[in-house]
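Here the structure is laid out as structure tokens; the discussion comes afterwards.
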2 protein chains.
Amino acid sequence: MFEKFAVYLKEKASLTDEQIEEVRAVTINKRLRKRQYLLQEGDVCHHNCFLAKGCLRLYRVGEDGVEHILRFAVENWWISDQESYNNGIPSKNNIDALEDSELLLIEKNDFNHIVHNFPNFRTFKDALKARSFDVSQNRIMSNISDTAEEKYKNFIKSYPDISNRVPLHMIASFLGVSRETLSRIRNQFTKTH
Amino acid sequence: MFEKFAVYLKEKASLTDEQIEEVRAVTINKRLRKRQYLLQEGDVCHHNCFLAKGCLRLYRVGEDGVEHILRFAVENWWISDQESYNNGIPSKNNIDALEDSELLLIEKNDFNHIVHNFPNFRTFKDALKARSFDVSQNRIMSNISDTAEEKYKNFIKSYPDISNRVPLHMIASFLGVSRETLSRIRNQFTKTH
DNA sequence: CCCTTGATGTGATAAATGTCACGCGCAATT
DNA sequence: AATTGCGCGTGACATTTATCACATCAAGGG
């Protein structure tokens, strides 16, 4: 289970074999079954989580009880609740598994230690964060300027792997439109194209 | 003009007087008149810009010619086009002044130099980035889950300083609703409260 | 001091989207 | 084999929001 992570660290973050062994020493293996929580609202997020296999979602439950999905995660993605993790405060969000999943967790102190000691990992991590910020900005732009159809097209173009893996109503939740509307959009869309 | 920046660096980023002098040596003063561009679509963003005075907006022009405001900036905020800056690619966005403004620019190489040599500044910068990421995430959540009225209330609560400083139609653009709708929402809102 | 420009408000109407209700089909469970 | 839950589609209708058109008002430039 650690193997996938090792490959990732070597190829993406350019870690040496020795560094990878150090990472291994502080890595926690975790399996999640479908529907199982990784993090629940109110918990403090203490780990950086690397997803070796499976699919997760991070979502918030509104006051009306409706779930709003902030993001998905699939193989080779990291996931955590940044706001909770960084500030040590209770999370407003939930993370749970959409499929049986395999994760590798690194506790905050251990993670800081790695970042501090491995400049190459730090550089990699910073680049990742920067990219994920860019993604956020582009998503906001899409949110405020695109029609529902454009948002959907955008999504399946950007995340083809995710879009045929998670149920449509969750994509609707992610995009901020009702499942009915998205269903209609998609059908009209496939009819005419 | 540099003085405000010096105070900021001392108080917020805990820089020493010597460090501040080093920053001063690489800082470029820039004044913008209302409506003047700091960055234009297609340009590459080469600077980190600290806003000592005034108000700016970062926006993108859609294919239909409509302007969509991604963010505002006021005193003591940083602004740049991250995606362009980090990747050295032409910007998709424009930045211009909503008021006569005073800026302090630091060129990318100089900025990296500072980050590299001043660990306290690096820590500060990382914390800033982390917070701005959190803000983005919360904004996305608002985008996909709030009604237009909630978005507006949210905005004036989060940015009271901005909301009585920029024209309403720009707030509408920022929120992703038409100016007419926002005008109506605000009037109903003030009537009943 | 006039004239333009920009910002806002508002009515009328169209378009988009949400909500509610229901049915169908599939897959997992028992 | 029957049952249950889930995902999806779809019709009918309500609500929200956008669009278009026009009026008003204030600020600023010539």
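The chains in the structure tokens are called A, B, ... from first to last as shown; in each chain the residues are counted from 1, and the ligands are counted from 1 in the order shown.
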
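Residues in contact with Leu70 of chain A at up to 10 Å, not including ones fewer than 6 positions away on its chain and judged by only C-alpha atoms (C1' of nucleotides), are Arg57, Leu58, Tyr59, Arg60, Asn93, Asn94, Ile95, Ser173, Phe174, Leu175 and Gly176 of chain A; Gln137, Asn138, Ile140, Met141 and Ile144 of chain B.
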
Residue hits in chain D, query chain B, radius 12 Å, only C-alpha atoms (C1' of nucleotides), as a VMD selection string: chain D and resid 16 to 20

Nearby residues (only C-alpha atoms (C1' of nucleotides)) at most 10 Å from DG9 of chain C, same-chain spacing under 5 positions excluded, as an MDAnalysis selection string: (chainID B and resid 180 183:184 187) or (chainID D and resid 23:24)

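When only C-alpha atoms are used to measure the gap to chain A, the shortest distance among B:Glu41, B:Asp134, B:Glu3, B:Asp146 belongs to B:Asp134.
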
Residue set, chain A restricted to strand (DSSP E), as a ChimeraX atom specification: /A:27-32,37-39,47-53,56-61,67-73,77-79,94-97,101-107

Please produce a file of the residues just selected, as a CSV table (one decimal), in the first residue's frame, where the atoms kept are N, CA and C atoms.
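The new file again27.csv reads:
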chain,number,residue,atom,x,y,z
A,27,THR,N,4.6,7.2,8.2
A,27,THR,CA,3.3,7.1,7.5
A,27,THR,C,2.3,6.1,8.1
A,28,ILE,N,1.1,6.5,8.2
A,28,ILE,CA,0.1,5.7,8.7
A,28,ILE,C,-0.8,5.1,7.6
A,29,ASN,N,-1.0,3.8,7.6
A,29,ASN,CA,-1.9,3.2,6.6
A,29,ASN,C,-3.3,3.3,7.0
A,30,LYS,N,-4.2,3.6,6.1
A,30,LYS,CA,-5.6,3.6,6.5
A,30,LYS,C,-6.4,3.2,5.4
A,31,ARG,N,-7.4,2.3,5.7
A,31,ARG,CA,-8.4,1.9,4.7
A,31,ARG,C,-9.7,2.4,5.1
A,32,LEU,N,-10.4,2.9,4.1
A,32,LEU,CA,-11.8,3.3,4.3
A,32,LEU,C,-12.7,2.5,3.5
A,37,TYR,N,-16.3,7.8,7.1
A,37,TYR,CA,-15.7,9.1,7.3
A,37,TYR,C,-14.2,9.0,7.5
A,38,LEU,N,-13.5,10.0,6.8
A,38,LEU,CA,-12.1,10.3,7.1
A,38,LEU,C,-12.0,11.4,8.2
A,39,LEU,N,-13.0,12.3,8.0
A,39,LEU,CA,-13.0,13.5,8.9
A,39,LEU,C,-14.5,13.9,9.0
A,47,HIS,N,-4.0,15.4,10.0
A,47,HIS,CA,-3.2,14.7,9.1
A,47,HIS,C,-3.2,15.3,7.7
A,48,ASN,N,-2.1,15.1,7.0
A,48,ASN,CA,-2.1,15.2,5.5
A,48,ASN,C,-2.4,13.8,5.0
A,49,CYS,N,-3.3,13.7,4.1
A,49,CYS,CA,-3.7,12.4,3.6
A,49,CYS,C,-3.5,12.2,2.1
A,50,PHE,N,-2.8,11.2,1.8
A,50,PHE,CA,-2.5,10.9,0.4
A,50,PHE,C,-3.4,9.7,0.0
A,51,LEU,N,-4.1,9.9,-1.1
A,51,LEU,CA,-5.0,8.9,-1.5
A,51,LEU,C,-4.4,8.0,-2.5
A,52,ALA,N,-4.1,6.7,-2.1
A,52,ALA,CA,-3.4,5.8,-3.0
A,52,ALA,C,-4.4,5.1,-3.9
A,53,LYS,N,-5.6,5.0,-3.4
A,53,LYS,CA,-6.7,4.2,-4.2
A,53,LYS,C,-8.0,4.6,-3.7
A,56,LEU,N,-12.7,10.0,-2.7
A,56,LEU,CA,-13.3,10.7,-1.5
A,56,LEU,C,-14.0,12.0,-2.0
A,57,ARG,N,-14.8,12.5,-1.1
A,57,ARG,CA,-15.3,13.9,-1.3
A,57,ARG,C,-15.2,14.7,0.0
A,58,LEU,N,-15.1,16.0,-0.1
A,58,LEU,CA,-15.1,16.9,1.0
A,58,LEU,C,-16.3,17.7,0.9
A,59,TYR,N,-17.2,17.7,1.9
A,59,TYR,CA,-18.4,18.5,1.7
A,59,TYR,C,-18.8,19.1,3.0
A,60,ARG,N,-19.7,20.1,2.9
A,60,ARG,CA,-20.3,20.7,4.1
A,60,ARG,C,-21.8,20.6,4.1
A,61,VAL,N,-22.3,20.5,5.3
A,61,VAL,CA,-23.8,20.4,5.3
A,61,VAL,C,-24.4,21.7,5.7
A,67,GLU,N,-26.2,18.8,1.5
A,67,GLU,CA,-24.8,18.6,1.4
A,67,GLU,C,-24.2,19.4,0.2
A,68,HIS,N,-23.1,20.1,0.4
A,68,HIS,CA,-22.5,20.9,-0.7
A,68,HIS,C,-21.0,20.4,-0.8
A,69,ILE,N,-20.7,19.8,-2.0
A,69,ILE,CA,-19.4,19.2,-2.1
A,69,ILE,C,-18.4,20.2,-2.6
A,70,LEU,N,-17.4,20.4,-1.8
A,70,LEU,CA,-16.4,21.4,-2.1
A,70,LEU,C,-15.3,20.8,-3.0
A,71,ARG,N,-15.0,19.6,-2.9
A,71,ARG,CA,-14.1,18.9,-3.8
A,71,ARG,C,-14.1,17.4,-3.7
A,72,PHE,N,-13.6,16.8,-4.8
A,72,PHE,CA,-13.4,15.4,-4.8
A,72,PHE,C,-11.9,15.1,-4.7
A,73,ALA,N,-11.6,13.8,-4.5
A,73,ALA,CA,-10.2,13.4,-4.5
A,73,ALA,C,-10.2,12.0,-5.1
A,77,TRP,N,-4.1,12.1,-5.2
A,77,TRP,CA,-4.4,13.4,-4.7
A,77,TRP,C,-4.2,13.4,-3.2
A,78,TRP,N,-3.9,14.6,-2.7
A,78,TRP,CA,-3.9,14.9,-1.3
A,78,TRP,C,-5.2,15.4,-0.8
A,79,ILE,N,-5.5,15.1,0.4
A,79,ILE,CA,-6.8,15.7,0.9
A,79,ILE,C,-6.7,15.9,2.4
A,94,ASN,N,-17.0,17.7,6.2
A,94,ASN,CA,-16.8,16.3,6.3
A,94,ASN,C,-16.0,15.7,5.1
A,95,ILE,N,-15.3,14.7,5.4
A,95,ILE,CA,-14.7,14.0,4.3
A,95,ILE,C,-15.1,12.5,4.4
A,96,ASP,N,-15.6,12.0,3.4
A,96,ASP,CA,-15.9,10.5,3.4
A,96,ASP,C,-15.6,9.9,2.1
A,97,ALA,N,-15.7,8.5,2.1
A,97,ALA,CA,-15.3,7.7,1.0
A,97,ALA,C,-16.5,7.4,0.1
A,101,SER,N,-11.4,2.8,-0.1
A,101,SER,CA,-10.2,3.6,-0.5
A,101,SER,C,-9.0,3.2,0.4
A,102,GLU,N,-7.8,3.5,-0.1
A,102,GLU,CA,-6.6,3.3,0.7
A,102,GLU,C,-5.8,4.6,0.8
A,103,LEU,N,-5.5,5.0,2.0
A,103,LEU,CA,-4.9,6.2,2.3
A,103,LEU,C,-3.6,6.1,3.1
A,104,LEU,N,-2.7,7.1,2.9
A,104,LEU,CA,-1.5,7.2,3.7
A,104,LEU,C,-1.5,8.5,4.4
A,105,LEU,N,-1.5,8.4,5.7
A,105,LEU,CA,-1.6,9.6,6.5
A,105,LEU,C,-0.3,10.0,7.1
A,106,ILE,N,0.0,11.3,7.2
A,106,ILE,CA,1.1,11.8,7.9
A,106,ILE,C,0.7,12.9,8.9
A,107,GLU,N,1.0,12.7,10.1
A,107,GLU,CA,0.6,13.6,11.2
A,107,GLU,C,1.3,14.9,11.0

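Going from atom CA of Glu99 of chain A to atom CA of Met170 of chain A covers 13.6 Å.
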
10 Å contacts from chain C to chain B using only C-alpha atoms (C1' of nucleotides), as a VMD selection string: chain C and resid 6 to 10

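Distance-wise, atom CA of Lys12 of chain B and atom CA of Glu83 of chain B end up 25.1 Å apart.
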
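Put simply, atom CA of Lys153 of chain A is 21.5 Å away from atom CA of Arg139 of chain B.
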
Picked from segment 5-148 of chain A by DSSP as helix (DSSP H, G or I), as a ChimeraX atom specification: /A:5-11,17-26,82-87,108-117,119-145,148

Those residues with C-alpha atoms, as a compact mmCIF listing (two decimals), in the first residue's frame please?
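Contents of the output file part-v5.txt:
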# COMPACT_ATOMS: atom_id res chain seq x y z
CA PHE A 5 3.07 6.52 -2.40
CA ALA A 6 6.75 5.74 -2.77
CA VAL A 7 6.50 5.84 -6.54
CA TYR A 8 4.67 9.13 -6.33
CA LEU A 9 7.24 10.65 -4.00
CA LYS A 10 10.05 9.55 -6.21
CA GLU A 11 8.57 10.62 -9.52
CA ASP A 17 15.27 6.40 -1.58
CA GLU A 18 16.61 7.37 1.82
CA GLN A 19 14.12 10.19 2.13
CA ILE A 20 11.34 7.87 1.14
CA GLU A 21 12.35 5.49 3.90
CA GLU A 22 12.11 8.34 6.37
CA VAL A 23 8.68 9.15 5.10
CA ARG A 24 7.68 5.53 5.38
CA ALA A 25 8.65 5.54 9.03
CA VAL A 26 6.05 8.17 9.88
CA GLN A 82 -6.69 23.04 5.37
CA GLU A 83 -8.49 25.53 7.53
CA SER A 84 -8.83 23.05 10.36
CA TYR A 85 -5.37 21.61 9.88
CA ASN A 86 -3.55 24.90 9.74
CA ASN A 87 -5.36 26.59 12.57
CA LYS A 108 1.17 17.30 11.25
CA ASN A 109 4.39 17.28 13.26
CA ASP A 110 5.88 14.58 11.10
CA PHE A 111 4.83 16.40 7.99
CA ASN A 112 6.42 19.64 9.18
CA HIS A 113 9.53 17.72 9.96
CA ILE A 114 9.69 16.36 6.44
CA VAL A 115 9.02 19.75 4.91
CA HIS A 116 11.71 21.26 7.05
CA ASN A 117 14.33 18.64 6.36
CA PRO A 119 13.99 21.07 0.63
CA ASN A 120 13.00 19.16 -2.48
CA PHE A 121 9.80 18.06 -0.80
CA ARG A 122 9.12 21.59 0.35
CA THR A 123 9.49 22.91 -3.16
CA PHE A 124 7.17 20.24 -4.43
CA LYS A 125 4.60 20.96 -1.74
CA ASP A 126 4.72 24.69 -2.43
CA ALA A 127 4.20 24.10 -6.13
CA LEU A 128 1.23 21.87 -5.38
CA LYS A 129 -0.32 24.49 -3.16
CA ALA A 130 0.24 27.17 -5.74
CA ARG A 131 -1.46 25.07 -8.39
CA SER A 132 -4.36 24.26 -6.18
CA PHE A 133 -4.78 27.95 -5.50
CA ASP A 134 -4.87 28.62 -9.22
CA VAL A 135 -7.48 25.94 -9.60
CA SER A 136 -9.56 27.59 -6.91
CA GLN A 137 -9.34 30.96 -8.59
CA ASN A 138 -10.37 29.53 -11.91
CA ARG A 139 -13.25 27.76 -10.28
CA ILE A 140 -14.44 30.97 -8.69
CA MET A 141 -14.24 32.62 -12.07
CA SER A 142 -16.34 29.83 -13.52
CA ASN A 143 -18.79 30.12 -10.64
CA ILE A 144 -19.41 33.81 -11.21
CA SER A 145 -19.30 33.90 -14.97
CA ALA A 148 -24.73 25.92 -15.63

Close residues, DC26 of chain C itself excluded, 12 Å, only C-alpha atoms (C1' of nucleotides), min 2 positions apart in chain, as an NGL selection string: (:C and (24 or 28)) or (:D and (4-8))

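The closest residue to chain B, picked from A:Cys45, A:Val66, A:Lys4, A:Ser91 and counting only C-alpha atoms, is A:Val66.
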